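Containing mmCIF, C-alpha atoms: target30.cif.
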```
data_structure
#
loop_
_atom_site.label_atom_id
_atom_site.label_comp_id
_atom_site.auth_asym_id
_atom_site.auth_seq_id
_atom_site.Cartn_x
_atom_site.Cartn_y
_atom_site.Cartn_z
CA MET A 1209 60.08 -0.37 27.83
CA LYS A 1210 56.55 0.97 27.94
CA THR A 1211 53.79 -0.84 26.09
CA ASP A 1212 53.37 2.07 23.66
CA GLU A 1213 57.06 1.95 22.84
CA LEU A 1214 56.80 -1.79 22.25
CA ILE A 1215 53.87 -1.24 19.88
CA THR A 1216 55.78 1.39 17.93
CA MET A 1217 58.76 -0.92 17.74
CA LEU A 1218 56.72 -3.90 16.53
CA ALA A 1219 54.80 -1.91 13.93
CA ARG A 1220 57.77 -0.03 12.53
CA GLY A 1221 58.86 -1.39 9.18
CA ALA A 1222 56.51 -4.39 9.46
CA ASP A 1223 56.47 -5.84 5.97
CA ALA A 1224 53.56 -7.43 4.18
CA VAL A 1225 53.01 -11.06 5.16
CA GLU A 1226 52.70 -13.78 2.54
CA PRO A 1227 49.21 -15.23 2.81
CA ASP A 1228 49.92 -18.77 1.63
CA ALA A 1229 53.11 -19.46 3.52
CA LEU A 1230 51.48 -22.05 5.78
CA ARG A 1231 50.50 -24.44 3.02
CA ARG A 1232 53.81 -23.98 1.25
CA ARG A 1233 55.78 -24.83 4.37
CA TYR A 1234 53.83 -28.04 4.88
CA ALA A 1235 54.10 -28.92 1.20
CA THR A 1236 57.88 -28.60 1.49
CA ALA A 1237 57.92 -30.77 4.61
CA LEU A 1238 55.78 -33.45 2.98
CA GLY A 1239 57.97 -33.37 -0.11
CA TRP A 1240 61.07 -34.07 1.99
CA GLY A 1241 59.16 -36.70 3.92
CA ALA A 1242 58.13 -38.50 0.74
CA PHE A 1243 61.66 -38.31 -0.61
CA GLY A 1244 63.09 -39.71 2.63
CA ALA A 1245 60.54 -42.51 2.85
CA THR A 1246 61.12 -43.52 -0.76
CA LEU A 1247 64.86 -43.54 -0.19
CA LEU A 1248 64.57 -45.65 2.98
CA MET A 1249 62.24 -48.02 1.20
CA ALA A 1250 64.66 -48.40 -1.73
CA ILE A 1251 67.55 -49.12 0.66
CA MET A 1252 65.79 -51.37 3.18
CA LEU A 1253 62.87 -53.06 1.48
CA GLY A 1254 62.21 -52.53 -2.21
CA VAL A 1255 58.84 -52.59 -3.92
CA ARG A 1256 57.01 -55.92 -3.90
CA PRO A 1257 57.91 -57.89 -7.05
CA ASP A 1258 54.29 -58.66 -7.97
CA LEU A 1259 53.13 -55.03 -7.73
CA GLY A 1260 51.71 -55.09 -11.26
CA GLU A 1261 49.55 -58.12 -10.57
CA ALA A 1262 48.52 -56.89 -7.13
CA ALA A 1263 47.36 -53.61 -8.66
CA ARG A 1264 44.62 -55.53 -10.47
CA LEU A 1265 43.05 -56.64 -7.19
CA PRO A 1266 40.48 -54.34 -5.55
CA MET A 1267 41.90 -55.10 -2.13
CA PHE A 1268 45.21 -53.55 -3.15
CA TRP A 1269 43.41 -50.24 -3.70
CA VAL A 1270 41.54 -50.59 -0.42
CA LYS A 1271 44.94 -51.06 1.19
CA LEU A 1272 46.11 -47.76 -0.30
CA ALA A 1273 42.83 -45.95 0.32
CA PHE A 1274 42.98 -46.65 4.06
CA PRO A 1275 46.19 -44.71 4.78
CA ALA A 1276 45.31 -42.18 2.07
CA ALA A 1277 42.05 -41.32 3.85
CA LEU A 1278 43.87 -41.04 7.18
CA PHE A 1279 46.47 -38.86 5.47
CA ALA A 1280 43.79 -36.45 4.23
CA GLY A 1281 42.13 -36.18 7.63
CA ALA A 1282 45.46 -35.75 9.41
CA LEU A 1283 46.51 -33.05 6.94
CA LEU A 1284 43.36 -31.06 7.70
CA ALA A 1285 43.93 -31.50 11.44
CA THR A 1286 47.57 -30.42 11.13
CA LEU A 1287 46.68 -27.27 9.19
CA ARG A 1288 43.92 -26.32 11.59
CA LEU A 1289 45.88 -27.00 14.76
CA SER A 1290 48.74 -24.84 13.49
CA ARG A 1291 46.68 -21.67 13.73
CA PRO A 1292 45.40 -20.25 17.01
CA GLY A 1293 41.64 -20.29 17.39
CA VAL A 1294 40.74 -22.57 14.47
CA ARG A 1295 38.34 -25.30 15.52
CA LEU A 1296 38.77 -28.90 14.47
CA GLY A 1297 35.06 -29.22 13.65
CA ARG A 1298 34.36 -32.57 12.03
CA VAL A 1299 37.98 -33.45 11.36
CA PRO A 1300 38.18 -36.03 14.21
CA ALA A 1301 35.17 -37.81 12.69
CA ALA A 1302 36.86 -37.74 9.27
CA ILE A 1303 39.91 -39.39 10.85
CA ALA A 1304 37.86 -42.01 12.69
CA ALA A 1305 35.80 -42.93 9.62
CA PRO A 1306 38.46 -44.89 7.67
CA VAL A 1307 39.49 -46.73 10.85
CA LEU A 1308 35.92 -47.76 11.60
CA ALA A 1309 35.34 -48.73 7.97
CA MET A 1310 38.47 -50.92 7.99
CA TRP A 1311 37.43 -52.56 11.27
CA LEU A 1312 33.97 -53.21 9.87
CA LEU A 1313 35.46 -54.81 6.78
CA ALA A 1314 37.82 -56.83 8.99
CA ALA A 1315 34.89 -58.05 11.09
CA VAL A 1316 32.99 -59.11 7.98
CA VAL A 1317 36.05 -60.95 6.62
CA LEU A 1318 36.76 -62.71 9.92
CA PHE A 1319 33.13 -63.64 10.40
CA GLY A 1320 32.95 -65.18 6.94
CA ALA A 1321 36.22 -67.11 7.27
CA ALA A 1322 36.66 -70.64 8.57
CA PRO A 1323 38.01 -70.60 12.16
CA ALA A 1324 41.26 -72.19 11.06
CA GLU A 1325 41.96 -69.36 8.59
CA ARG A 1326 41.37 -66.53 11.01
CA GLY A 1327 44.85 -66.57 12.51
CA GLN A 1328 46.37 -66.13 9.06
CA LEU A 1329 44.01 -63.24 8.28
CA VAL A 1330 45.02 -61.40 11.44
CA PHE A 1331 48.75 -62.16 11.57
CA GLY A 1332 49.63 -62.79 7.93
CA ASP A 1333 53.32 -63.62 7.50
CA THR A 1334 54.76 -60.25 8.45
CA TRP A 1335 52.84 -58.88 11.43
CA ALA A 1336 55.98 -58.43 13.51
CA ASP A 1337 57.71 -56.31 10.83
CA CYS A 1338 54.81 -54.19 9.65
CA PRO A 1339 54.32 -51.65 12.49
CA LEU A 1340 58.05 -51.14 12.85
CA TYR A 1341 58.62 -50.51 9.14
CA VAL A 1342 55.62 -48.19 8.89
CA ALA A 1343 57.03 -46.20 11.81
CA ILE A 1344 60.55 -46.13 10.32
CA LEU A 1345 59.29 -44.98 6.93
CA SER A 1346 57.30 -42.21 8.62
CA MET A 1347 60.32 -40.72 10.40
CA PRO A 1348 61.58 -38.36 7.63
CA ALA A 1349 58.11 -36.81 7.34
CA PHE A 1350 57.76 -36.78 11.12
CA GLY A 1351 60.87 -34.66 11.56
CA ALA A 1352 60.07 -32.40 8.63
CA LEU A 1353 56.49 -31.82 9.80
CA LEU A 1354 57.52 -30.93 13.33
CA TRP A 1355 60.05 -28.51 11.87
CA ALA A 1356 57.27 -26.96 9.74
CA MET A 1357 54.93 -26.78 12.71
CA LYS A 1358 57.54 -24.96 14.78
CA GLY A 1359 57.04 -22.02 12.44
CA TYR A 1360 53.41 -21.77 13.52
CA ALA A 1361 51.52 -21.31 16.73
CA PRO A 1362 49.71 -24.44 17.93
CA THR A 1363 47.83 -23.63 21.13
CA ARG A 1364 47.27 -27.34 21.81
CA PRO A 1365 50.79 -28.68 21.33
CA ALA A 1366 50.16 -32.31 22.32
CA LEU A 1367 47.23 -32.60 19.93
CA ALA A 1368 49.11 -30.73 17.21
CA GLY A 1369 52.12 -33.02 17.62
CA ALA A 1370 49.81 -36.04 17.43
CA ALA A 1371 48.23 -34.71 14.23
CA ALA A 1372 51.66 -34.23 12.65
CA GLY A 1373 52.62 -37.74 13.80
CA LEU A 1374 49.43 -39.22 12.37
CA LEU A 1375 50.07 -37.46 9.08
CA SER A 1376 53.62 -38.81 8.87
CA GLY A 1377 52.43 -42.28 9.94
CA ALA A 1378 49.75 -42.36 7.26
CA GLY A 1379 52.37 -41.30 4.72
CA GLY A 1380 54.71 -44.04 5.93
CA ALA A 1381 51.93 -46.64 5.64
CA LEU A 1382 51.14 -45.46 2.14
CA VAL A 1383 54.74 -46.04 1.06
CA TYR A 1384 55.05 -49.32 2.97
CA ALA A 1385 51.91 -50.61 1.23
CA LEU A 1386 53.91 -50.74 -2.01
CA HIS A 1387 56.29 -53.24 -0.43
CA CYS A 1388 54.01 -55.20 1.88
CA PRO A 1389 52.52 -58.46 0.55
CA GLU A 1390 49.61 -58.59 3.02
CA MET A 1391 46.13 -58.01 1.65
CA ALA A 1392 43.75 -59.01 4.47
CA ALA A 1393 41.55 -56.35 6.11
CA PRO A 1394 42.12 -57.66 9.67
CA PHE A 1395 45.88 -57.35 9.14
CA LEU A 1396 45.55 -53.77 7.87
CA GLY A 1397 43.14 -52.74 10.60
CA ILE A 1398 45.54 -53.90 13.31
CA TRP A 1399 49.17 -53.75 12.21
CA TYR A 1400 49.05 -50.83 9.79
CA LEU A 1401 47.09 -48.87 12.34
CA LEU A 1402 49.55 -49.77 15.07
CA GLY A 1403 52.43 -48.62 12.88
CA ILE A 1404 50.66 -45.32 12.23
CA LEU A 1405 49.95 -44.86 15.92
CA ILE A 1406 53.65 -45.09 16.85
CA PRO A 1407 54.59 -41.69 15.33
CA THR A 1408 51.21 -40.33 16.49
CA ALA A 1409 52.03 -41.15 20.12
CA LEU A 1410 55.56 -39.84 19.65
CA GLY A 1411 54.15 -36.57 18.32
CA ALA A 1412 51.79 -36.25 21.27
CA MET A 1413 54.74 -36.73 23.62
CA LEU A 1414 57.17 -34.39 21.86
CA GLY A 1415 54.65 -31.68 20.95
CA PRO A 1416 54.50 -29.95 24.33
CA ARG A 1417 58.30 -29.84 24.47
CA LEU A 1418 59.13 -28.86 20.91
CA LEU A 1419 56.22 -26.70 19.82
CA ARG A 1420 56.14 -24.02 22.52
CA TRP A 1421 56.05 -20.41 21.44
CA MET B 313 25.75 -1.37 23.72
CA ASP B 314 25.82 -4.89 25.16
CA LYS B 315 28.87 -7.15 25.26
CA GLU B 316 28.12 -8.85 21.97
CA GLY B 317 27.57 -5.56 20.20
CA ARG B 318 30.81 -4.10 21.50
CA ALA B 319 32.73 -7.26 20.69
CA SER B 320 31.43 -7.40 17.15
CA ALA B 321 32.11 -3.69 16.49
CA ALA B 322 35.68 -4.18 17.74
CA GLU B 323 36.02 -7.38 15.70
CA ASN B 324 35.12 -5.60 12.46
CA ARG B 325 37.28 -2.56 13.08
CA LEU B 326 40.31 -4.51 14.26
CA ARG B 327 40.05 -7.13 11.56
CA ASP B 328 40.05 -4.44 8.90
CA LEU B 329 43.13 -2.82 10.48
CA LEU B 330 44.97 -6.13 10.75
CA VAL B 331 44.20 -7.21 7.19
CA ARG B 332 45.53 -3.88 5.92
CA GLY B 333 48.50 -4.21 8.25
CA LEU B 334 49.30 -7.69 6.93
CA ALA B 335 49.27 -6.21 3.44
CA GLY B 336 52.06 -3.87 4.53
CA GLU B 337 50.20 -0.73 5.72
CA VAL B 338 52.25 0.25 8.74
CA PRO B 339 49.89 2.93 10.17
CA ALA B 340 46.97 0.48 10.08
CA TYR B 341 49.08 -2.16 11.79
CA HIS B 342 50.19 0.32 14.45
CA ALA B 343 46.56 1.29 15.09
CA PHE B 344 45.65 -2.40 15.30
CA LEU B 345 48.29 -3.15 17.93
CA LYS B 346 47.42 0.00 19.87
CA GLU B 347 43.72 -0.77 20.06
CA LEU B 348 44.34 -4.46 20.65
CA SER B 349 46.60 -3.66 23.61
CA ALA B 350 43.71 -1.89 25.36
CA HIS B 351 41.43 -4.89 24.82
CA LEU B 352 44.10 -7.30 26.01
CA ARG B 353 44.71 -5.21 29.11
CA ALA B 354 41.04 -5.26 30.10
CA PHE B 355 40.75 -8.96 29.34
CA LEU B 356 43.88 -9.97 31.24
CA ARG B 357 43.19 -7.64 34.16
CA GLY B 358 39.88 -9.41 34.63
CA ARG B 359 41.61 -12.78 34.73
CA LEU B 360 44.65 -11.88 36.78
CA ALA B 361 42.79 -10.37 39.72
CA ARG B 362 45.20 -12.09 42.10
CA LEU B 363 48.30 -11.15 40.16
CA PRO B 364 47.68 -7.49 39.20
CA ASP B 365 51.41 -6.79 38.86
CA GLU B 366 51.64 -9.32 36.05
CA VAL B 367 49.03 -7.69 33.82
CA GLU B 368 51.20 -5.27 31.87
CA ASP B 369 53.97 -7.83 31.43
CA LEU B 370 51.48 -10.27 30.01
CA VAL B 371 49.96 -7.59 27.74
CA GLN B 372 53.44 -7.02 26.32
CA GLU B 373 54.18 -10.72 25.99
CA THR B 374 50.87 -11.28 24.21
CA LEU B 375 51.45 -8.35 21.84
CA LEU B 376 54.86 -9.78 20.98
CA ALA B 377 53.23 -13.18 20.34
CA VAL B 378 50.53 -11.59 18.16
CA HIS B 379 53.26 -9.89 16.15
CA ASN B 380 55.48 -12.97 15.87
CA GLN B 381 52.54 -15.15 14.87
CA ARG B 382 50.71 -12.67 12.63
CA HIS B 383 51.33 -14.91 9.61
CA THR B 384 49.03 -17.52 11.21
CA TYR B 385 45.98 -15.29 10.93
CA ASP B 386 43.65 -16.34 8.15
CA ALA B 387 41.46 -13.46 6.96
CA ALA B 388 38.52 -15.88 6.65
CA GLN B 389 38.74 -16.59 10.39
CA PRO B 390 37.08 -14.50 13.14
CA LEU B 391 39.73 -12.26 14.65
CA THR B 392 38.14 -12.69 18.09
CA ALA B 393 38.87 -16.44 18.04
CA TRP B 394 42.46 -15.90 16.94
CA VAL B 395 43.26 -13.22 19.50
CA HIS B 396 41.46 -15.09 22.25
CA ALA B 397 43.39 -18.29 21.55
CA ILE B 398 46.73 -16.45 21.69
CA ALA B 399 45.86 -14.50 24.85
CA ARG B 400 44.56 -17.61 26.54
CA TYR B 401 47.64 -19.64 25.60
CA LYS B 402 49.89 -16.99 27.16
CA LEU B 403 47.63 -16.65 30.19
CA VAL B 404 47.51 -20.40 30.87
CA ASP B 405 51.28 -20.56 30.43
CA LEU B 406 51.71 -17.87 33.08
CA LEU B 407 49.22 -19.42 35.50
CA ARG B 408 50.81 -22.83 35.11
CA ARG B 409 54.18 -21.45 36.14
CA ARG B 410 52.85 -19.23 38.90
CA ALA B 411 50.42 -21.62 40.48
CA GLY B 412 52.17 -24.91 39.96
CA ARG B 413 50.53 -27.90 38.45
CA SER B 414 48.27 -28.71 41.39
CA ALA B 415 46.40 -25.43 41.16
CA LEU B 416 46.01 -25.54 37.42
CA HIS B 417 42.50 -25.29 36.17
CA ASP B 418 41.24 -23.89 32.92
CA PRO B 419 39.85 -20.45 33.53
CA LEU B 420 36.20 -20.37 32.60
CA ASP B 421 35.78 -17.87 29.89
CA ASP B 422 33.86 -16.57 26.99
CA GLU B 423 35.72 -15.91 23.77
CA LEU B 424 33.80 -12.66 23.24
CA ASP B 425 35.33 -11.18 26.39
CA VAL B 426 38.63 -10.62 24.68
CA LEU B 427 37.42 -7.75 22.51
CA ALA B 428 34.36 -6.67 24.51
CA SER B 429 36.08 -4.16 26.75
CA SER B 430 39.18 -2.03 26.66
CA ASP B 431 41.50 -0.30 29.08
CA ASN B 432 44.00 2.34 28.02
CA ASP B 433 45.46 2.82 31.45
CA ALA B 434 48.81 1.11 31.04
CA ALA B 435 50.72 0.38 34.22
CA ASP B 436 54.48 0.07 34.09
CA ALA B 437 55.72 -3.33 33.04
CA ARG B 438 57.92 -4.97 35.63
CA ARG B 439 60.04 -6.75 33.07
CA ASP B 440 61.96 -4.36 30.84
CA LEU B 441 62.02 -5.66 27.28
CA ALA B 442 64.68 -3.10 26.35
CA ARG B 443 67.06 -4.79 28.78
CA LEU B 444 66.20 -8.24 27.48
CA LEU B 445 66.91 -6.98 23.96
CA GLU B 446 70.45 -6.11 25.01
CA ARG B 447 71.10 -9.78 25.67
CA LEU B 448 70.43 -10.82 22.08
CA PRO B 449 73.43 -11.65 19.89
CA ASP B 450 74.58 -8.76 17.64
CA ARG B 451 73.24 -10.29 14.44
CA GLN B 452 69.74 -10.00 15.94
CA ARG B 453 70.18 -7.07 18.30
CA LEU B 454 71.69 -4.60 15.81
CA PRO B 455 69.00 -5.03 13.13
CA ILE B 456 66.30 -4.58 15.80
CA VAL B 457 67.99 -1.51 17.31
CA HIS B 458 68.56 0.19 13.94
CA MET B 459 65.34 -0.78 12.17
CA LYS B 460 62.76 -1.15 14.89
CA LEU B 461 63.96 1.38 17.46
CA GLU B 462 65.79 4.02 15.40
CA GLY B 463 63.57 3.60 12.36
CA LEU B 464 66.28 3.13 9.74
CA SER B 465 65.47 1.33 6.50
CA VAL B 466 66.68 -2.17 5.66
CA VAL B 467 69.25 -0.72 3.24
CA GLU B 468 70.66 1.74 5.79
CA THR B 469 70.74 -0.93 8.49
CA ALA B 470 72.58 -3.28 6.15
CA ARG B 471 75.14 -0.57 5.40
CA ARG B 472 75.72 0.31 9.05
CA THR B 473 76.07 -3.24 10.25
CA GLY B 474 77.84 -4.67 7.24
CA MET B 475 75.17 -7.36 7.06
CA SER B 476 73.28 -8.31 3.90
CA GLU B 477 69.72 -7.02 3.53
CA SER B 478 68.26 -10.48 3.89
CA ALA B 479 70.39 -11.11 7.00
CA VAL B 480 68.99 -7.89 8.46
CA LYS B 481 65.40 -9.04 7.89
CA VAL B 482 66.12 -12.52 9.25
CA GLY B 483 67.85 -10.94 12.25
CA VAL B 484 64.79 -8.86 13.13
CA HIS B 485 62.47 -11.84 12.72
CA ARG B 486 64.59 -14.30 14.71
CA GLY B 487 65.47 -11.67 17.30
CA LEU B 488 61.83 -10.99 18.13
CA LYS B 489 61.18 -14.72 18.38
CA ALA B 490 64.24 -15.13 20.60
CA LEU B 491 62.90 -12.30 22.78
CA ALA B 492 59.66 -14.23 23.27
CA ALA B 493 61.68 -17.35 24.17
CA MET B 494 63.72 -15.37 26.71
CA ILE B 495 60.53 -14.13 28.37
CA ARG B 496 59.29 -17.73 28.58
CA ARG B 497 62.47 -18.98 30.17
CA GLU B 498 62.70 -16.10 32.62
CA ARG B 499 59.50 -16.90 34.46
#
```

Represent the structure contained in this file as structure tokens.
Amino acid sequence: MKTDELITMLARGADAVEPDALRRRYATALGWGAFGATLLMAIMLGVRPDLGEAARLPMFWVKLAFPAALFAGALLATLRLSRPGVRLGRVPAAIAAPVLAMWLLAAVVLFGAAPAERGQLVFGDTWADCPLYVAILSMPAFGALLWAMKGYAPTRPALAGAAAGLLSGAGGALVYALHCPEMAAPFLGIWYLLGILIPTALGAMLGPRLLRW
Amino acid sequence: MDKEGRASAAENRLRDLLVRGLAGEVPAYHAFLKELSAHLRAFLRGRLARLPDEVEDLVQETLLAVHNQRHTYDAAQPLTAWVHAIARYKLVDLLRRRAGRSALHDPLDDELDVLASSDNDAADARRDLARLLERLPDRQRLPIVHMKLEGLSVVETARRTGMSESAVKVGVHRGLKALAAMIRRER
């Protein structure tokens, strides 16, 4: 087939393209991810019994704001990396900012605490469960987001997969925060982050295999 | 005109054609692909100096990718950046397979190069897409043959094949994506 014949073939009957399909596809994926995470949480964990009281503490909202800020940055990165030739710009800085802020807060808290209390602030009572549960709760969104991304054209598939993983991880952490009793900044800055990084690393590994086009 | 001037004139003209094409104007879209193919040819010929026989194949593969991914173009985005990213992705993919991992290095390049020059002198492609098309399953091949090669409408194609109209459209879409996947695997 000559190139001119190919061009005629491609152009013939080419319908109008919906302009907003990208956002809609990701919205669908996130919807399924949220549904799946909520379902898993209801089956495995349940919401913490003192949620109403906890909601009166500022630290509870900090605990939600941390993954929420990561979620927003990861969403921007995911959308940008899905289209060829769109630069990330300041998005990496927007993703780093909540992490640095949480580490700063953790440092202040640890510095101000008595040495004997520091272990409790870092490990809490549930450090061994937290990363695993965050990663498990992120899996429905992880799968749905990679499916959505397959409909697009990431030219940097490892980075794109990592962004999708980060987005699902932040979503998982957001849901897990409703169950988790821990409230200390050092705990959040280490174990929540570690949980979020599990799907991020998985996305970076799977991206080059799954997202080729 | 210097390189930047030529690139920016081509950017404006091609972007206008593509935006109209994405709105459903077939002649504008055809003109877009036609002009883009000449730019891609010049760009890829410059970068495949050691593999001149691959140029036309890669022009075709890139055009197919541009078509399959046309929904990822955002009209607020410079067309040059979009086209360059697609062409470069396909080029790096080819070089990676041809040269092996040891020889892989990112080709130094300037985004503007992709639209700055053009070349209408098409060589024959070595890989025949028409023969690859024959290997697609009927539910994809028949809609492509009737609609895209013979120029029948969706309704006529649906009647001839006994498929529903939406199955015909899906068949064309998936078939062209499957064609791109076959090219990738073939290398």

Answer key for the PyMOL selection byres ((chain B and resi 400) around 12), residues as a PyMOL selection string: (chain A and resi 1292-1293+1363-1364) or (chain B and resi 352+355-356+359-360+370-371+373-374+377-378+392-399+401-408+418-423+425-426)

Write a file of the selected residues as an mmCIF file, keeping the file's coordinate frame, keeping C-alpha atoms.
```
data_model
loop_
_atom_site.group_PDB
_atom_site.id
_atom_site.type_symbol
_atom_site.label_atom_id
_atom_site.label_comp_id
_atom_site.auth_asym_id
_atom_site.auth_seq_id
_atom_site.Cartn_x
_atom_site.Cartn_y
_atom_site.Cartn_z
ATOM 1 C CA PRO A 1292 45.400 -20.250 17.010
ATOM 2 C CA GLY A 1293 41.640 -20.290 17.390
ATOM 3 C CA THR A 1363 47.830 -23.630 21.130
ATOM 4 C CA ARG A 1364 47.270 -27.340 21.810
ATOM 5 C CA LEU B 352 44.100 -7.300 26.010
ATOM 6 C CA PHE B 355 40.750 -8.960 29.340
ATOM 7 C CA LEU B 356 43.880 -9.970 31.240
ATOM 8 C CA ARG B 359 41.610 -12.780 34.730
ATOM 9 C CA LEU B 360 44.650 -11.880 36.780
ATOM 10 C CA LEU B 370 51.480 -10.270 30.010
ATOM 11 C CA VAL B 371 49.960 -7.590 27.740
ATOM 12 C CA GLU B 373 54.180 -10.720 25.990
ATOM 13 C CA THR B 374 50.870 -11.280 24.210
ATOM 14 C CA ALA B 377 53.230 -13.180 20.340
ATOM 15 C CA VAL B 378 50.530 -11.590 18.160
ATOM 16 C CA THR B 392 38.140 -12.690 18.090
ATOM 17 C CA ALA B 393 38.870 -16.440 18.040
ATOM 18 C CA TRP B 394 42.460 -15.900 16.940
ATOM 19 C CA VAL B 395 43.260 -13.220 19.500
ATOM 20 C CA HIS B 396 41.460 -15.090 22.250
ATOM 21 C CA ALA B 397 43.390 -18.290 21.550
ATOM 22 C CA ILE B 398 46.730 -16.450 21.690
ATOM 23 C CA ALA B 399 45.860 -14.500 24.850
ATOM 24 C CA TYR B 401 47.640 -19.640 25.600
ATOM 25 C CA LYS B 402 49.890 -16.990 27.160
ATOM 26 C CA LEU B 403 47.630 -16.650 30.190
ATOM 27 C CA VAL B 404 47.510 -20.400 30.870
ATOM 28 C CA ASP B 405 51.280 -20.560 30.430
ATOM 29 C CA LEU B 406 51.710 -17.870 33.080
ATOM 30 C CA LEU B 407 49.220 -19.420 35.500
ATOM 31 C CA ARG B 408 50.810 -22.830 35.110
ATOM 32 C CA ASP B 418 41.240 -23.890 32.920
ATOM 33 C CA PRO B 419 39.850 -20.450 33.530
ATOM 34 C CA LEU B 420 36.200 -20.370 32.600
ATOM 35 C CA ASP B 421 35.780 -17.870 29.890
ATOM 36 C CA ASP B 422 33.860 -16.570 26.990
ATOM 37 C CA GLU B 423 35.720 -15.910 23.770
ATOM 38 C CA ASP B 425 35.330 -11.180 26.390
ATOM 39 C CA VAL B 426 38.630 -10.620 24.680
#
```

Given the file shown, determine the residues that the PyMOL selection byres ((chain B and resi 386) around 10) selects; report them as a ChimeraX atom specification. /A:1227-1228,1230,1291-1292,1294 /B:331,382-385,387-391,394

Mind telling me what the PyMOL selection byres ((chain A) within 12 of (chain B)) catches here, as a ChimeraX atom specification? /A:1209-1231,1287-1295,1357-1365,1416,1419-1421

Work out how far atom CA of Arg1417 of chain A is from atom CA of Glu366 of chain B, in Å to one decimal.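 Separation of atom CA of Glu366 of chain B and atom CA of Arg1417 of chain A: 24.5 Å.
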
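You will find atom CA of Leu1283 of chain A at 14.0 Å from atom CA of Ile1404 of chain A.
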
Suppose you want the space between atom CA of Glu1325 of chain A and atom CA of Cys1338 of chain A; what is it in Å?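 Pair atom CA of Glu1325 of chain A / atom CA of Cys1338 of chain A returns 19.9 Å.
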
For Phe1395 of chain A, work out the shell of residues within 7 Å, counting all atoms listed in the file and skipping chain neighbours fewer than 4 positions away, then give it as a PyMOL selection string. chain A and resi 1329-1332+1399

Would you kindly identify which residues have an atom no farther than 9 Å from (51.9, -42.6, 9.0), using all atoms listed in the file and the file's own coordinates, and write them out as JSON, numbers by chain? {"A": [1275, 1278, 1279, 1342, 1343, 1345, 1346, 1347, 1349, 1350, 1373, 1374, 1375, 1376, 1377, 1378, 1379, 1380, 1381, 1382, 1400, 1401, 1403, 1404, 1405, 1406, 1407, 1408]}

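Using all atoms listed in the file, the residues found no farther than 12 Å from Ala1250 of chain A, other than those of its own chain fewer than 5 positions away, are A:Phe1243, A:Gly1244, A:Ala1245, A:Val1255, A:Arg1256, A:Leu1345, A:Val1383, A:Tyr1384, A:Leu1386, A:His1387.
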
Where atoms are missing, can you supply N, CA and C atoms for segment 450-462 of chain B and output the lot as a compact mmCIF listing (two decimals), keeping the file's coordinate frame?
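The result, written out as rebuild_19.txt:
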```txt
# COMPACT_ATOMS: atom_id res chain seq x y z
N ASP B 450 74.53 -9.94 18.52
CA ASP B 450 74.58 -8.76 17.64
C ASP B 450 73.82 -8.92 16.34
N ARG B 451 73.88 -10.13 15.75
CA ARG B 451 73.24 -10.29 14.44
C ARG B 451 71.72 -10.14 14.53
N GLN B 452 71.18 -10.25 15.75
CA GLN B 452 69.74 -10.00 15.94
C GLN B 452 69.51 -8.64 16.58
N ARG B 453 70.37 -8.32 17.54
CA ARG B 453 70.18 -7.07 18.30
C ARG B 453 70.36 -5.85 17.39
N LEU B 454 71.42 -5.80 16.61
CA LEU B 454 71.69 -4.60 15.81
C LEU B 454 70.58 -4.32 14.80
N PRO B 455 70.12 -5.34 14.04
CA PRO B 455 69.00 -5.03 13.13
C PRO B 455 67.77 -4.51 13.87
N ILE B 456 67.48 -5.06 15.07
CA ILE B 456 66.30 -4.58 15.80
C ILE B 456 66.53 -3.14 16.28
N VAL B 457 67.71 -2.87 16.81
CA VAL B 457 67.99 -1.51 17.31
C VAL B 457 67.89 -0.50 16.16
N HIS B 458 68.54 -0.78 15.04
CA HIS B 458 68.56 0.19 13.94
C HIS B 458 67.20 0.31 13.26
N MET B 459 66.59 -0.84 12.95
CA MET B 459 65.34 -0.78 12.17
C MET B 459 64.14 -0.48 13.03
N LYS B 460 64.01 -1.22 14.13
CA LYS B 460 62.76 -1.15 14.89
C LYS B 460 62.77 -0.04 15.93
N LEU B 461 63.93 0.31 16.45
CA LEU B 461 63.96 1.38 17.46
C LEU B 461 64.34 2.73 16.85
N GLU B 462 65.38 2.74 15.98
CA GLU B 462 65.79 4.02 15.40
C GLU B 462 65.05 4.33 14.11
```
